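The structure under discussion appears below in the form of structure tokens.
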2 protein chains.
Amino acid sequence: MRQHALAAATALSMTFGYATAQSATPLTPELENTVEALIETSLNDTVGLQFVEDLTTEVGPRLAGSEQEQRARDWSVRELADLGFQNIRVETFTIPFWSRIEDDVAITAPVPQEVVATALGGSAPTVEGGVEADVIRFENLRELAAADAATVAGKIVFIDEGMTRTMTGAGYGMAVRKRSQCAIVASEKGALACLIRSVGTQPHRMPHTGIMAREGAEGALAAAALSGPDAAQLPRLLDRGPVKASVNIQTDTRPNAPSGNVIAEIPGTDLADEIVLISCHLDSWDLSPGALDDAAGCGIVVGAAKQIMALGQSPRRTIRVVLYGAEEVGLFGADAYARRHSENLTNHVLAAESEFGAGPIWQFQTNFGDAALHYARAIQTMLMPIGVVPGNNEARGGPDVGVLRRSGVPVVTPAQNGLDYFDYHHTPDDTFDKIEPEEFNQNVAV
Amino acid sequence: MRQHALAAATALSMTFGYATAQSATPLTPELENTVEALIETSLNDTVGLQFVEDLTTEVGPRLAGSEQEQRARDWSVRELADLGFQNIRVETFTIPFWSRIEDDVAITAPVPQEVVATALGGSAPTVEGGVEADVIRFENLRELAAADAATVAGKIVFIDEGMTRTMTGAGYGMAVRKRSQCAIVASEKGALACLIRSVGTQPHRMPHTGIMAREGAEGALAAAALSGPDAAQLPRLLDRGPVKASVNIQTDTRPNAPSGNVIAEIPGTDLADEIVLISCHLDSWDLSPGALDDAAGCGIVVGAAKQIMALGQSPRRTIRVVLYGAEEVGLFGADAYARRHSENLTNHVLAAESEFGAGPIWQFQTNFGDAALHYARAIQTMLMPIGVVPGNNEARGGPDVGVLRRSGVPVVTPAQNGLDYFDYHHTPDDTFDKIEPEEFNQNVAV
């Protein structure tokens, strides 16, 4: 494999002028051999994907704060013990709990038609039996914000903004604003409910849930996302005249529900106090078993840690695997971790999260201090043979490790190709069959 | 366009030895010019696709025997009159009516998981509140038929047979047997309900409904189809131990509900008694607006007929457009037509149906008497420039014209590329956005 690494590095260097293996590397030849062996065996890993299959089959959906999330924690603790991890524990915390009981949306006039829709996480309930009103369409959140309240009051707002498909997921941040804010803005203008075109890129009749801005468990108004084809039907109807819709959302909320972070370690040796944290989140939305979001991430980090364990030599630093709880509903697990470990975050020498599906990693970004940049280059060089191009030093590190990065912990982002990630993310279609084993194992290797 | 036709025909002749434009053609140069002009304008047709958009938007789903199907007939009569068709009428008949009220399937043990499923058309209801029992899996219908009744009695049967993706749709006939027969065979062995892997090729969490064998409105047992990903989850669970499922299906049935065929004509001149019948079916399943199945077929034949009307010269023979009712639930419209017109079927000189979506037509088959084979070759030659290869003389003509073919009426099959047809067919995902306008218009032209 060394041959390939050098060839790829040289080619890349010639093309883009990156620093490559020709530069001085801080890695000893022995360490390089170990890394290459790890990559080789990880490409044929079986533990990681099995973890995903087992979690999505034996537990299924894992809504934050639910019994199923509790079951996922219990299951993970057993599984991680079976795999030989040490210092396994659950660090618990509580969250405001929200779940859907009922979320029916329908077009009632000019002709009755069913609509495939899903309540957004944190949706307020409607009155019992639902509301029915004229639909008013806006191109985007900005247009709604600019609208005269008199034209909106008493109506059901519909924001029809789409999302751009990108490899990096850059379209999500923009598209998610309407999900986050629609209920707030619509409520201020006296609307009865808010409907949005699903955040996501899938052309199928799959609605996309996800959290909205809220206080406690509940947002400002009842809100739901229509599937793409249903969102496309609405303007066709509106072109022909007034359209009435009904929205009936009933929810179950509680101020305090249990959640927790599951933690397991491979203890280090001479530098055992220094922590290399690799992570994912264990909770999922309720519509699917959350295979890509984020059982895959958990399988990838567990598989990778197990590969290191299988080397038969202990790492110098402690490798800590964290399966965060309650990510989807507001990064509660990440916050709880940062609070609980605030005294020793400086001991965290590296943090990473796998939280963008299981597509192949195409770029490896770092966020290191200047003194460690030669390590960034060394890592990037060693990853080139498996299709990973070097990235910049502005890695954000994934949602759950953002709080660590902001506290000064060095992070890396193994950037997955997410071109089709938002075809599945937060929809009923996020199922185990969507994972490509070969791509998954490239993630384990990285 | 003549140049292209000749070049394509010559190339094809050299390759496959087909008779081509070099052979004597029964078409006069004037007629060839007319055909070429028709093809040209049809490739830019706007009427056909607008018909599909309007029908799927303004009417929506059109379950056979329902109020919505009635609304579709009323709507079509108005629309066809607006387009200038003549002799517009509805030939009514009655059918046994079935519709779903409730169709919930869930895994209840070892862990509760929701299942995306849909009752098959004609499913018997379960007892109020549903049934719950162990699931027993069979690879296919044959394996179920061979099973010892003692192992099946009291259980919920699951047939896990897949479907092969083909351009011609050839996989459907095989796969549909389990949908048709599961309830009968499972019922004979004392099962409580029958579940099948959805007939279809889609990898999404979309269940596929469709009619099952039945007497009157109802089949032998409660029966439902699981989406592909849900069907894949079940064996993973069964590999780990016993699995219990619940099935709750409630239905609305009536022995006689109204349906009808909508008929419109372009009257012929000197041979007005001779009928060229082009057709589709107006009903759809209830899960979607039935854009591909078969609003598209109706738009294609209406668009094509309107193109002929727009020539400004009346055809010698009467062109009859038939929008059949109640196809999905047992070809009731086709049977009613054949019965009502049994006295003058010999006047039908040609029949065709568009009933396989809106993919590009790649082959043109005929079923003509020997004396008319030179017409088949002439038609095929003229269609080659728009990507249609000549087919054999064993056309079946589409489901609704099968009864005419069996009565001796010559038929043609403009064979569409259906490689992705069964990704949408009979699922909630059969929506207007799935139609490619350019491919649709090639259908109008053919």
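Just so we're on the same page: first chain in the structure tokens is A, next is B, and so on; residues restart at 1 for each chain, and ligands are numbered from 1 in the order they show up.
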
Practice item. Within 8 Å of chain B, which residues of chain A are there when counting only C-alpha atoms? Please give them as a list in words. Key: Thr57, Glu58, Val59, Gly60, Pro61, Pro110, Val111, Gln113, His204, Arg205, Pro229, Ala232, Gln233, Arg236, Leu237, Pro428, Asp429, Thr431, Phe432 and Asp433 of chain A

Practice item. Extract, using only C-alpha atoms, all DNA, RNA and protein residues at most 12 Å from stretch 419-421 of chain A, discarding same-chain residues fewer than 5 positions from it, and format them as a PyMOL selection string. Key: chain A and resi 164-172+199-203+290-294+296+355-362+426-427+429-431+434-435

Written selection (N, CA and C atoms) as a compact mmCIF listing (two decimals), in the first residue's frame:
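Contents of again.txt, freshly written:
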# COMPACT_ATOMS: atom_id res chain seq x y z
N THR A 164 -31.10 22.70 -2.30
CA THR A 164 -30.11 22.39 -3.32
C THR A 164 -29.35 21.12 -2.94
N ARG A 165 -29.23 20.21 -3.91
CA ARG A 165 -28.47 18.97 -3.70
C ARG A 165 -26.98 19.26 -3.84
N THR A 166 -26.23 18.98 -2.81
CA THR A 166 -24.78 19.18 -2.88
C THR A 166 -24.07 17.98 -2.24
N MET A 167 -22.80 17.83 -2.57
CA MET A 167 -22.00 16.76 -2.01
C MET A 167 -21.70 17.01 -0.53
N THR A 168 -21.57 18.29 -0.19
CA THR A 168 -21.16 18.66 1.18
C THR A 168 -22.33 18.83 2.14
N GLY A 169 -23.55 18.82 1.62
CA GLY A 169 -24.70 19.10 2.48
C GLY A 169 -24.90 20.57 2.72
N ALA A 170 -24.21 21.42 1.94
CA ALA A 170 -24.28 22.87 2.16
C ALA A 170 -25.69 23.41 1.97
N GLY A 171 -26.52 22.71 1.20
CA GLY A 171 -27.89 23.18 0.97
C GLY A 171 -28.77 23.10 2.21
N TYR A 172 -28.39 22.26 3.16
CA TYR A 172 -29.24 21.99 4.32
C TYR A 172 -29.41 23.21 5.21
N VAL A 199 -37.72 19.66 3.95
CA VAL A 199 -36.29 19.88 3.79
C VAL A 199 -35.73 18.55 3.28
N GLY A 200 -35.02 18.57 2.19
CA GLY A 200 -34.52 17.30 1.64
C GLY A 200 -34.56 17.35 0.14
N THR A 201 -33.97 16.32 -0.47
CA THR A 201 -33.81 16.33 -1.92
C THR A 201 -34.55 15.18 -2.60
N GLN A 202 -35.23 14.35 -1.82
CA GLN A 202 -35.85 13.17 -2.42
C GLN A 202 -37.05 13.53 -3.27
N PRO A 203 -37.19 12.88 -4.44
CA PRO A 203 -38.33 13.15 -5.31
C PRO A 203 -39.52 12.27 -4.97
N GLY A 290 -33.48 5.04 11.53
CA GLY A 290 -32.32 5.93 11.52
C GLY A 290 -31.03 5.20 11.18
N ALA A 291 -31.02 4.52 10.04
CA ALA A 291 -29.84 3.75 9.67
C ALA A 291 -28.69 4.68 9.30
N LEU A 292 -28.96 5.66 8.44
CA LEU A 292 -27.92 6.60 8.03
C LEU A 292 -27.73 7.67 9.09
N ASP A 293 -28.80 8.02 9.78
CA ASP A 293 -28.78 9.11 10.77
C ASP A 293 -29.29 8.59 12.10
N ASP A 294 -28.42 8.04 12.96
CA ASP A 294 -26.99 8.04 12.79
C ASP A 294 -26.44 6.68 13.26
N ALA A 296 -25.38 4.51 11.39
CA ALA A 296 -24.17 4.33 10.59
C ALA A 296 -22.96 4.95 11.28
N GLU A 355 -21.41 11.76 11.37
CA GLU A 355 -22.83 12.12 11.49
C GLU A 355 -23.39 12.62 10.17
N PHE A 356 -23.00 11.96 9.08
CA PHE A 356 -23.49 12.41 7.78
C PHE A 356 -23.68 11.20 6.87
N GLY A 357 -24.19 10.10 7.46
CA GLY A 357 -24.48 8.92 6.66
C GLY A 357 -23.28 8.00 6.50
N ALA A 358 -23.27 7.28 5.40
CA ALA A 358 -22.23 6.29 5.18
C ALA A 358 -21.67 6.36 3.77
N GLY A 359 -21.82 7.52 3.14
CA GLY A 359 -21.23 7.72 1.82
C GLY A 359 -19.72 7.77 1.95
N PRO A 360 -19.00 7.56 0.86
CA PRO A 360 -17.54 7.53 0.93
C PRO A 360 -16.96 8.88 1.37
N ILE A 361 -15.95 8.82 2.19
CA ILE A 361 -15.26 10.04 2.61
C ILE A 361 -14.36 10.49 1.48
N TRP A 362 -14.54 11.75 1.08
CA TRP A 362 -13.78 12.26 -0.08
C TRP A 362 -12.77 13.31 0.35
N HIS A 426 -34.06 11.83 7.96
CA HIS A 426 -35.29 12.28 8.65
C HIS A 426 -36.58 11.85 7.97
N THR A 427 -36.51 10.91 7.02
CA THR A 427 -37.73 10.40 6.38
C THR A 427 -37.94 8.95 6.79
N ASP A 429 -37.69 6.60 5.02
CA ASP A 429 -36.88 5.80 4.11
C ASP A 429 -35.43 5.59 4.59
N ASP A 430 -35.11 6.06 5.79
CA ASP A 430 -33.74 5.91 6.30
C ASP A 430 -33.58 4.51 6.92
N THR A 431 -33.44 3.53 6.06
CA THR A 431 -33.42 2.12 6.48
C THR A 431 -32.10 1.46 6.12
N LYS A 434 -30.14 1.08 2.74
CA LYS A 434 -29.58 2.23 2.02
C LYS A 434 -28.05 2.32 2.16
N ILE A 435 -27.46 1.48 3.00
CA ILE A 435 -26.02 1.56 3.24
C ILE A 435 -25.26 0.63 2.29

Practice item. Pick out the residues sitting within 9 Å of stretch 222-226 of chain B, and hand them over as a PyMOL selection string; count only C-alpha atoms, and ignore anything fewer than 2 positions along from it in its own chain. Key: chain B and resi 103+105+115-126+179+182-183+192-199+205-209+212+219-220+228-231+247-249

Keeping only N, CA and C atoms, take the residues you just selected and write them out as a CSV table (one decimal), in the first residue's frame.
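result_37.csv, freshly written:
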chain,number,residue,atom,x,y,z
B,103,ASP,N,-55.7,0.2,7.5
B,103,ASP,CA,-54.8,-1.0,7.2
B,103,ASP,C,-53.5,-0.8,7.9
B,105,VAL,N,-50.3,-2.4,9.9
B,105,VAL,CA,-49.5,-3.6,10.2
B,105,VAL,C,-48.4,-3.2,11.1
B,115,VAL,N,-44.6,-0.7,10.6
B,115,VAL,CA,-44.4,-1.3,9.3
B,115,VAL,C,-45.1,-0.5,8.3
B,116,VAL,N,-44.5,-0.1,7.2
B,116,VAL,CA,-45.1,0.6,6.1
B,116,VAL,C,-45.8,-0.5,5.2
B,117,ALA,N,-47.1,-0.5,5.2
B,117,ALA,CA,-47.8,-1.6,4.5
B,117,ALA,C,-49.1,-1.0,4.0
B,118,THR,N,-49.7,-1.7,3.0
B,118,THR,CA,-51.0,-1.3,2.5
B,118,THR,C,-51.8,-2.5,2.2
B,119,ALA,N,-53.1,-2.5,2.5
B,119,ALA,CA,-54.0,-3.6,2.2
B,119,ALA,C,-54.1,-3.8,0.7
B,120,LEU,N,-54.1,-5.1,0.3
B,120,LEU,CA,-54.3,-5.4,-1.1
B,120,LEU,C,-55.8,-5.1,-1.4
B,121,GLY,N,-56.0,-4.7,-2.7
B,121,GLY,CA,-57.4,-4.5,-3.1
B,121,GLY,C,-58.2,-5.8,-3.0
B,122,GLY,N,-59.3,-5.7,-2.3
B,122,GLY,CA,-60.1,-6.9,-2.1
B,122,GLY,C,-59.8,-7.7,-0.8
B,123,SER,N,-58.8,-7.1,-0.1
B,123,SER,CA,-58.5,-7.8,1.2
B,123,SER,C,-59.8,-7.9,2.0
B,124,ALA,N,-59.9,-9.1,2.6
B,124,ALA,CA,-61.0,-9.3,3.6
B,124,ALA,C,-60.6,-8.5,4.9
B,125,PRO,N,-61.6,-8.0,5.6
B,125,PRO,CA,-61.3,-7.4,6.9
B,125,PRO,C,-60.8,-8.4,7.9
B,126,THR,N,-60.0,-7.9,8.9
B,126,THR,CA,-59.7,-8.8,10.0
B,126,THR,C,-60.9,-8.6,11.0
B,179,ARG,N,-49.5,-12.0,-5.1
B,179,ARG,CA,-50.5,-11.0,-4.7
B,179,ARG,C,-51.9,-11.6,-4.9
B,182,CYS,N,-52.0,-15.4,-2.6
B,182,CYS,CA,-51.6,-15.6,-1.2
B,182,CYS,C,-52.7,-15.8,-0.2
B,183,ALA,N,-53.8,-15.0,-0.3
B,183,ALA,CA,-54.9,-15.1,0.6
B,183,ALA,C,-55.6,-16.4,0.5
B,192,LEU,N,-54.0,-16.6,9.6
B,192,LEU,CA,-54.9,-15.5,10.0
B,192,LEU,C,-54.9,-14.3,9.1
B,193,ALA,N,-53.8,-14.2,8.4
B,193,ALA,CA,-53.6,-13.1,7.4
B,193,ALA,C,-52.4,-13.4,6.5
B,194,CYS,N,-52.4,-12.7,5.5
B,194,CYS,CA,-51.3,-12.9,4.5
B,194,CYS,C,-50.6,-11.5,4.3
B,195,LEU,N,-49.3,-11.5,4.4
B,195,LEU,CA,-48.4,-10.4,4.0
B,195,LEU,C,-47.5,-10.8,2.9
B,196,ILE,N,-47.4,-9.9,2.0
B,196,ILE,CA,-46.4,-10.1,0.9
B,196,ILE,C,-45.4,-9.0,0.8
B,197,ARG,N,-44.2,-9.3,0.2
B,197,ARG,CA,-43.3,-8.2,-0.2
B,197,ARG,C,-44.0,-7.5,-1.3
B,198,SER,N,-44.0,-6.2,-1.3
B,198,SER,CA,-44.7,-5.4,-2.4
B,198,SER,C,-44.2,-5.9,-3.7
B,199,VAL,N,-45.2,-6.1,-4.6
B,199,VAL,CA,-44.9,-6.3,-6.0
B,199,VAL,C,-44.3,-5.0,-6.5
B,205,ARG,N,-39.5,3.2,0.9
B,205,ARG,CA,-40.5,2.7,1.9
B,205,ARG,C,-41.9,3.1,1.4
B,206,MET,N,-42.2,2.4,0.2
B,206,MET,CA,-43.5,2.7,-0.5
B,206,MET,C,-44.2,1.3,-0.7
B,207,PRO,N,-45.3,1.2,-0.1
B,207,PRO,CA,-46.0,-0.1,-0.3
B,207,PRO,C,-46.8,-0.1,-1.6
B,208,HIS,N,-47.0,-1.2,-2.2
B,208,HIS,CA,-47.6,-1.4,-3.5
B,208,HIS,C,-48.9,-2.1,-3.4
B,209,THR,N,-50.1,-1.5,-3.6
B,209,THR,CA,-51.3,-2.2,-3.6
B,209,THR,C,-51.7,-2.8,-4.9
B,212,MET,N,-56.3,-8.6,-5.7
B,212,MET,CA,-56.0,-10.0,-5.4
B,212,MET,C,-57.2,-10.8,-5.9
B,219,GLY,N,-61.7,-10.9,-1.0
B,219,GLY,CA,-60.9,-12.1,-1.1
B,219,GLY,C,-61.0,-13.0,0.1
B,220,ALA,N,-60.2,-14.1,0.1
B,220,ALA,CA,-60.4,-15.1,1.1
B,220,ALA,C,-59.9,-14.8,2.5
B,228,GLY,N,-40.6,-2.6,0.3
B,228,GLY,CA,-39.4,-3.3,0.2
B,228,GLY,C,-38.5,-3.3,1.4
B,229,PRO,N,-38.2,-2.1,1.9
B,229,PRO,CA,-37.3,-2.1,3.2
B,229,PRO,C,-38.0,-2.7,4.4
B,230,ASP,N,-39.3,-2.7,4.5
B,230,ASP,CA,-40.0,-3.4,5.6
B,230,ASP,C,-39.9,-4.9,5.4
B,231,ALA,N,-40.1,-5.3,4.1
B,231,ALA,CA,-40.0,-6.7,3.8
B,231,ALA,C,-38.6,-7.3,4.1
B,247,VAL,N,-52.0,-7.3,12.4
B,247,VAL,CA,-52.6,-6.8,11.2
B,247,VAL,C,-54.1,-6.4,11.5
B,248,ASN,N,-54.3,-5.1,11.2
B,248,ASN,CA,-55.7,-4.6,11.4
B,248,ASN,C,-56.2,-4.0,10.1
B,249,ILE,N,-57.1,-4.7,9.4
B,249,ILE,CA,-57.6,-4.2,8.2
B,249,ILE,C,-59.1,-4.1,8.3

Check your understanding: Could you state the separation of atom CA of A:Ser246 and atom CA of A:Asp104 in Å, given to one decimal place?
Key ->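 Separating atom CA of A:Ser246 from atom CA of A:Asp104 is a distance of 7.8 Å.
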
Practice item. Write out as a list in words each polymer residue whose atoms come within 6 Å of B:Gly65, counting only C-alpha atoms; drop sequence neighbours fewer than 6 positions from it. Key: Phe97, Ala257, Pro258 and Ser259 of chain B

Keeping C-alpha atoms for every residue in the selection just given, could you write it to a file as an mmCIF file, in the first residue's frame?
data_model
loop_
_atom_site.group_PDB
_atom_site.id
_atom_site.type_symbol
_atom_site.label_atom_id
_atom_site.label_comp_id
_atom_site.auth_asym_id
_atom_site.auth_seq_id
_atom_site.Cartn_x
_atom_site.Cartn_y
_atom_site.Cartn_z
ATOM 1 C CA PHE B 97 -66.822 -2.044 -4.622
ATOM 2 C CA ALA B 257 -71.178 0.548 -7.290
ATOM 3 C CA PRO B 258 -71.342 2.706 -10.414
ATOM 4 C CA SER B 259 -68.530 2.827 -12.930
#

Exercise for review: Mind listing the strand (DSSP E or B) residues of stretch 110-287 of chain A, per DSSP on the backbone, as an NGL selection string?
Suggested key: :A and (113-115 or 117-119 or 121 or 131-138 or 156-159 or 193-197 or 211 or 215 or 218 or 223-226 or 244-266 or 271-281)

Point to revise | Pick from B:Asp148, B:Glu30, B:Glu265, B:Glu439, whichever lies nearest to B:Lys306 using only C-alpha atoms | key: B:Glu265

Practice item. Might you pull out every residue within 8 Å of stretch 32-40 of chain B, with only C-alpha atoms counted and same-chain residues fewer than 4 positions away left off, and present them as a ChimeraX atom specification? Key: /B:1-2,27-28,44,307-308,311,382,445-446

Keeping C-alpha atoms, export the residues of the selection given above as a PDB file, in the first residue's frame.
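Saved the output as selection_11.pdb:
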ATOM      1  CA  MET B   1     -37.442  13.867 -41.467  1.00  0.00           C
ATOM      2  CA  ARG B   2     -37.752  11.537 -44.455  1.00  0.00           C
ATOM      3  CA  LEU B  27     -48.573   4.524 -48.043  1.00  0.00           C
ATOM      4  CA  THR B  28     -48.879   7.230 -50.668  1.00  0.00           C
ATOM      5  CA  ASN B  44     -44.347  19.443 -29.294  1.00  0.00           C
ATOM      6  CA  GLN B 307     -53.316  16.193 -33.038  1.00  0.00           C
ATOM      7  CA  ILE B 308     -55.279  14.305 -35.692  1.00  0.00           C
ATOM      8  CA  LEU B 311     -54.882  18.417 -39.054  1.00  0.00           C
ATOM      9  CA  MET B 382     -42.139   5.654 -40.173  1.00  0.00           C
ATOM     10  CA  ALA B 445     -46.290  11.007 -31.571  1.00  0.00           C
ATOM     11  CA  VAL B 446     -46.220   7.195 -31.829  1.00  0.00           C
TER      12      VAL B 446
END

Check your understanding: Excluding same-chain residues fewer than 5 positions from stretch 325-327 of chain A, what lies within 6 Å of it counting only C-alpha atoms, as a list in words?
Key -> Ala64, Ser259, Gly260, Asn261, His281, Leu282, Asp283, Phe332 and Gly333 of chain A

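Counting only C-alpha atoms and comparing B:Asn443, B:Asn392, B:Val401, B:Ala371, the residue that lies closest to B:Pro414 is B:Asn443.
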
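For A:Thr25, the set of protein, DNA and RNA residues having any atom at most 12 Å away, when counting only C-alpha atoms and skipping those fewer than 5 positions along the same chain, is Ala19, Thr20, Leu31, Glu32, Ala372, Leu373, His374, Tyr375, Ala376, Arg377, Ala378, Ile379, Gln380, Thr381 and Met382 of chain A.
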
**Study point:** DSSP-assigned helix (DSSP H, G or I) among stretch 190-280 of chain B, expressed as a PyMOL selection string
**Key:** chain B and resi 228-238

Could those selected residues go to a file with C-alpha atoms, as a short mmCIF file (atom, residue, chain, number, x, y, z; two decimals), in the first residue's frame?
data_model
loop_
_atom_site.label_atom_id
_atom_site.label_comp_id
_atom_site.auth_asym_id
_atom_site.auth_seq_id
_atom_site.Cartn_x
_atom_site.Cartn_y
_atom_site.Cartn_z
CA GLY B 228 -39.39 -3.34 0.18
CA PRO B 229 -37.35 -2.06 3.15
CA ASP B 230 -39.96 -3.39 5.59
CA ALA B 231 -39.98 -6.74 3.81
CA ALA B 232 -36.18 -6.77 4.20
CA GLN B 233 -36.42 -6.01 7.93
CA LEU B 234 -38.66 -9.00 8.65
CA PRO B 235 -36.15 -11.75 7.71
CA ARG B 236 -33.44 -9.94 9.69
CA LEU B 237 -35.73 -10.13 12.72
CA LEU B 238 -36.75 -13.73 11.98
#

Review point. So how far away is atom CA of B:Gln442 from atom CA of B:Ser42, in Å?
Key: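 Atom-to-atom, atom CA of B:Ser42 to atom CA of B:Gln442, that is 7.4 Å.
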